[in-house]
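Below: the structure, in structure tokens.
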Amino acid sequence: MTDKSKQMVNEIPIIRYSDIQGQKALKTALEIAYITGPRIGGVLISGERGTGKSTIVRSFSKMTFDVLPVTLPINATEDRVIGGWDIKAIMAGEARQRDGLLVNANGKILYIDEVNLLDDHIVNIILDTAATGILSVQRQGIDIPAIKTEFILVGTMNPDEGILRNQLLDRFGLMVNVVTEPDQRANILDTVLKFDRKLSEIEKSNQKLKEYNESHKTQPDKEKLEWARDNLSRTEIIEPIIKKCVELAEKFEAVGHRAEYMLALAARAMAVLDASKTMNENKERIRVTKMHLAMVCRMALEHRRKDKQKWSKDDNKDVSNILGIPENAFF
Amino acid sequence: MKVLAEQDIDLFYQGLMCAGLHKGLRSVLLFDTDFEAIDAIIPLFAEILKIGTQAQLEIVKLPAAPSDDDLWGNFALKPDSNDRKQGIKRGLSIIWREGLLTRNRIKKHHMLAVIPDLSRINLPISRACIMLMDTPTAGLQRHGQEHVWKPDITWLAACDRDKIGTVSEHLLDRFALRLFSPSFKRENHVSNIRQWLEDADNSSARTNHIPRNILSQIKERMEKAGQHESVSFSSDALQRILKHFFPKGSTSGVRREVTLARMSLALACLDFSDNVTAKHVEKAAEIIWLPDIPRVLDNSKKKSEPEHETEKKEKLDRARVDNFGEPEIGIVDDSTSITDDSPLHDPEPQISEPEILPPHPVRDRSPYPEDTAQVEREQFSLRLPVRRRGAVLDDRGVIIGVQPTCTLHDLALVPTIVEAAIFQNIRRKNDETLPKDRLVISPVDLRSYRRESKPDLMLILVIDYTCLKDCKWEDKLLPHLRWAYVNRASICIIQVGADTDENELRAKKVTANTILSPVINEALEAKPGKATPLAHGLDLAYHTIQQNKLHGREHITHTRLVVITDGRGNVPLQASIEEKIEDKRPVNREGIDDVLEIAHKIFDLKKVLSIVIDPKPRYYAELPVMLADAMGAVREPVDPSDDL
């Protein structure tokens, strides 16, 4: 990104993550992806119009990485996605290459708004890279067999405009179906209006804008998430829980074997996220419980079901029966 | 020439002023507004935006069918006049040319992007709108360019309400503010017309469409309102937005509530009020024609407002914009105002038991017509088009971009030359044998046009709904529908004897570009009507086939015509054309004879595969056979229904 663009991006005020009301499932999925890193394979956010999907992703990236996510627009050309020649340099007779967005996103969030509107060919490249952590550039005479790049892939989509193919859906480790939360309408409206007011204040003063942007870094959620990420290795998942992961994947007829892996990984992240409330530094192992597993079931399984059914109350009951815990304890 | 009429337009002006004051309202959709009216509104809105944004304004009227490169920018050739004398090789240079929607990125101007007809825009512009509207950041990642910026764009689009079903709901949702265009009156002052003619070449004269006194008052009021700060919401106002206009359980997102709240806030600023009250909310709802607003007033307010609602409405109607200096609705001093940190819901609301007064006069308008409109667009209308069978060889679809190619078919010459020019220096540096006095094009430079794909096959279904009751027609139809789906064929259903809004003596034609269009499903599920205008149905089919073969740039190469009927057409063609049967005379066999005559004409058409699905009627079972013979069609008998 050019220096001018970087400066401009820093000047754009984004609502603070901690100020956003509701959408707990979405927030949890993003937090799990941050804790596990690229291994989770990304988060797909599917939801109605106007539910604040993009807003939450931007705020989350601003808080966790202090920058806006590396955003891939739906009309991006291949040279910008995977990299290619630096056209300015080429025109001047100098053979210089330029990294694409997939390399730029290394260690950060790669965000695709309206991922279902992206050219299928581009989606394939992105998901292959996300799954393997390796980008191969073979175009316009450039031959780079392997560039290491790992990013947290976050895609949003409005299902009104079509869904992704099964193979692509499976590459996203987690999926969240975002719906309008009627009981949160008042709070959301309040948050938007407060932010509107804040905007009108801070946009008049560079100092206030700077202060506001700095405040993203000091949100309490950030400290907890960093602690959780640092302590993921302290989690312990015992064999019976792993067996439950397999049982759940079988029960919901999840396509492929990625489901049980994702369940186990997400449950570990959930356990450490839970432990981050106290941030206990006593170095004891953090046990992954059935409750943690129950809490990530929907986001790991719903998009992998063979029958493509939406998650229902009966599914919650099935999870509850398999894990032997009361339904109302985790939903 | 028409000018804005001065009556009944105060609400419209105030709507535009709200958009000028609040950046969250700067995507405006005008309903039922013709091109001339938009031309009259643009200068007014531009003046309002200049005050609201405090920035220089650039107006961009977007064409209906631009390509991605037109919108987002591309490399272009630029003649280099200084170097022309030095030889061909330095006669051209390559520059990055900003697109229509990225122009203001560097200049930092505010842009007013105008879409004169939202129902006619093509895919690239629809997708661009999705990317740029209601977002704090925009990104450009194309052709080696990498930019992220804050899109400073106000959108002004127009769309007829009866075409709203053709526009993606996803796109419509991005338009926060919905307004109905004010009525116009025809200019009747000779002096004004003369003045306009004299000023025709002067672009600044365009603001003359707006009455000057109104413009100056708007400006004055906007400037004052822009300086008005610290407006907070009363709990009553918030309750009104949440409870009354969008009932509990509403499943749509919160954008509509937010719009109403922002409009109320802007109106409070225009009134120089410190609080947003329920009155402002009501006024905001009135501006966007939010229907069925329950009038809830508490007793204290009723005492202070003895004026009956209808009287007040009449008074409002009389009010003109030139009364802007004085608030049109007295803002009741609301002691229940909340600060930022107060809870939104009062534990005990200040208003007493609400009294529902008679609702507004019935409004035939709604700011959200997409909620009830019949869906006419294709499914997943914002996705990139599928490649159709003949698309590779076809060079007639509308250009929506360019793409790399390895053949010379439908070559995009300028993009190819530009691509080659980019690499000239580096290639010459690496290979000294290359000629230095001419452009060298390599196969990797080749670019062809990416075109909006058009179907080259068509399925026409003529369905006689009066004969479907006792047969399993769906089973016979399914293979043809499957053929249409697999071959990406366009589809046309001609409804004969269906209970539709069409005159019962006429057949109705429903068309779509793909079988997945919701209108097709609806058409198939129509209920039977009374008459059977089969002759008219076949006539429509005949003309549709002819039109697709002979007219314009249509390029249907093969048509499959499937007719489901028992052949008992009881409406003569002439009666269908005239939409009446003369003196209710008996028609005898006239309808059937007309059917057979048209069937013979269809027989003569080339590249048409005709099929008659024969429901094997109990009476006159020979008619479908005769029809199939006359059409030269394959006859497919249908199994009787199990119910029989």
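Ordering of the structure tokens sets the chain letters (A, B, ...); residue numbers start at 1 within each chain; ligands are numbered from 1 in the order shown.
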
Residues of stretch 175-307 of chain A in helix (DSSP H, G or I), written as an NGL selection string: :A and (182-202 or 206-218 or 220-230 or 232-234 or 239-251 or 258-275 or 290-304)

Interface residues on chain A facing chain B, 6 Å, only C-alpha atoms, written as a PDB file with C-alpha atoms, in the first residue's frame:
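Result file selection_35.pdb:
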ATOM      1  CA  MET A   1       0.000   0.000   0.000  1.00  0.00           C
ATOM      2  CA  SER A   5      -3.051   5.194   1.383  1.00  0.00           C
ATOM      3  CA  ARG A  49     -28.407  -7.001   5.200  1.00  0.00           C
ATOM      4  CA  GLY A  50     -27.644  -4.356   7.781  1.00  0.00           C
ATOM      5  CA  THR A  51     -26.585  -6.644  10.601  1.00  0.00           C
ATOM      6  CA  ALA A  76      -9.701  -7.182  -7.656  1.00  0.00           C
ATOM      7  CA  THR A  77      -7.616  -8.347 -10.587  1.00  0.00           C
ATOM      8  CA  ARG A  80      -3.185  -7.702  -7.208  1.00  0.00           C
ATOM      9  CA  MET A  91       7.298   0.832 -17.758  1.00  0.00           C
ATOM     10  CA  GLY A  93      12.414  -0.706 -17.953  1.00  0.00           C
ATOM     11  CA  LEU A 117     -19.704 -12.223  -5.382  1.00  0.00           C
ATOM     12  CA  GLU A 161     -26.951 -13.359  -3.594  1.00  0.00           C
ATOM     13  CA  GLY A 162     -26.130 -17.069  -3.583  1.00  0.00           C
ATOM     14  CA  THR A 180     -30.985  -9.353  13.495  1.00  0.00           C
ATOM     15  CA  PRO A 182     -34.731  -7.991  18.033  1.00  0.00           C
TER      16      PRO A 182
END

Distance query A:Val154 at most 10 Å, only C-alpha atoms, self and fewer than 6 positions along chain excluded, as number ranges by chain: A: 30, 33, 41-45, 54, 57, 69, 71, 109-113, 115, 172, 174-175

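One finds atom CA of B:Pro66 at 23.7 Å from atom CA of B:Arg161.
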
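Minimum distance to B:Asp501 across B:Ala523, B:Ile51, B:Leu609, B:Ala489 (counting only C-alpha atoms) occurs at B:Ala523.
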
Long-range neighbours of stretch 276-284 of chain A as a list of chain:residue names, 8 Å cut-off, only C-alpha atoms, 4 positions minimum in chain: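 In the requested form, the answer reads A:Lys224, A:Leu225, A:Trp227, A:Ala228, A:Arg234, A:Val272.
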
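The two atoms in question, atom CA of B:His600 and atom CA of B:Ala630, are spaced 5.2 Å apart.
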
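Closest to A:Gln138 among A:Lys88, A:Lys108, A:Gly256, A:Ile82 is A:Ile82, based on only C-alpha atoms.
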
Polymer residues at most 8 Å from B:His109, only C-alpha atoms, same-chain spacing of 4 or more positions, as a list in words: Ala55, Gln56, Leu57, Glu58, Asn104, Arg105 and Asp152 of chain B

Can those selected residues be exported to a file as a PDB file, in the first residue's frame so that it contains C-alpha atoms?
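Once written, again.pdb looks like this:
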ATOM      1  CA  ALA B  55     -16.055  20.805   0.234  1.00  0.00           C
ATOM      2  CA  GLN B  56     -15.805  21.269  -3.489  1.00  0.00           C
ATOM      3  CA  LEU B  57     -18.328  19.165  -5.303  1.00  0.00           C
ATOM      4  CA  GLU B  58     -17.931  17.108  -8.424  1.00  0.00           C
ATOM      5  CA  ASN B 104     -12.234  12.290  -6.241  1.00  0.00           C
ATOM      6  CA  ARG B 105      -9.747  10.022  -4.450  1.00  0.00           C
ATOM      7  CA  ASP B 152     -16.600  10.673  -0.122  1.00  0.00           C
TER       8      ASP B 152
END

9 Å contact set for B:Asp32, only C-alpha atoms, chain neighbours under 6 positions out, as a VMD selection string: chain B and resid 158 to 162 180 to 181

Residue contacts of stretch 120-132 of chain A (7 Å, only C-alpha atoms) excluding same-chain residues fewer than 5 positions away, as number ranges by chain: A: 41, 150-151, 171

Hey, can you spit out that residue selection with all heavy atoms as a CSV table (one decimal), in the first residue's frame?
chain,number,residue,atom,x,y,z
A,41,GLY,N,-8.5,-21.8,9.5
A,41,GLY,CA,-8.9,-21.8,8.1
A,41,GLY,C,-9.9,-20.6,7.8
A,41,GLY,O,-10.3,-20.5,6.7
A,150,GLU,N,0.6,-16.7,5.9
A,150,GLU,CA,-0.5,-17.2,6.7
A,150,GLU,C,-1.4,-16.0,7.2
A,150,GLU,O,-0.8,-15.0,7.7
A,150,GLU,CB,0.1,-17.9,7.9
A,150,GLU,CG,0.8,-19.2,7.5
A,150,GLU,CD,1.1,-20.1,8.7
A,150,GLU,OE1,1.5,-19.5,9.8
A,150,GLU,OE2,1.0,-21.3,8.7
A,151,PHE,N,-2.6,-16.2,7.0
A,151,PHE,CA,-3.5,-15.1,7.4
A,151,PHE,C,-4.8,-15.6,7.9
A,151,PHE,O,-5.1,-16.8,7.7
A,151,PHE,CB,-3.8,-14.1,6.2
A,151,PHE,CG,-4.1,-14.9,4.9
A,151,PHE,CD1,-5.4,-15.4,4.7
A,151,PHE,CD2,-3.2,-15.1,4.0
A,151,PHE,CE1,-5.7,-16.0,3.5
A,151,PHE,CE2,-3.5,-15.8,2.8
A,151,PHE,CZ,-4.8,-16.3,2.6
A,171,ARG,N,-13.7,-25.0,3.4
A,171,ARG,CA,-12.4,-24.4,3.7
A,171,ARG,C,-12.4,-23.4,4.9
A,171,ARG,O,-11.5,-23.1,5.5
A,171,ARG,CB,-11.8,-23.7,2.5
A,171,ARG,CG,-11.5,-24.7,1.3
A,171,ARG,CD,-10.3,-25.5,1.7
A,171,ARG,NE,-10.0,-26.5,0.7
A,171,ARG,CZ,-9.4,-26.3,-0.4
A,171,ARG,NH1,-8.9,-25.1,-0.7
A,171,ARG,NH2,-9.2,-27.3,-1.3
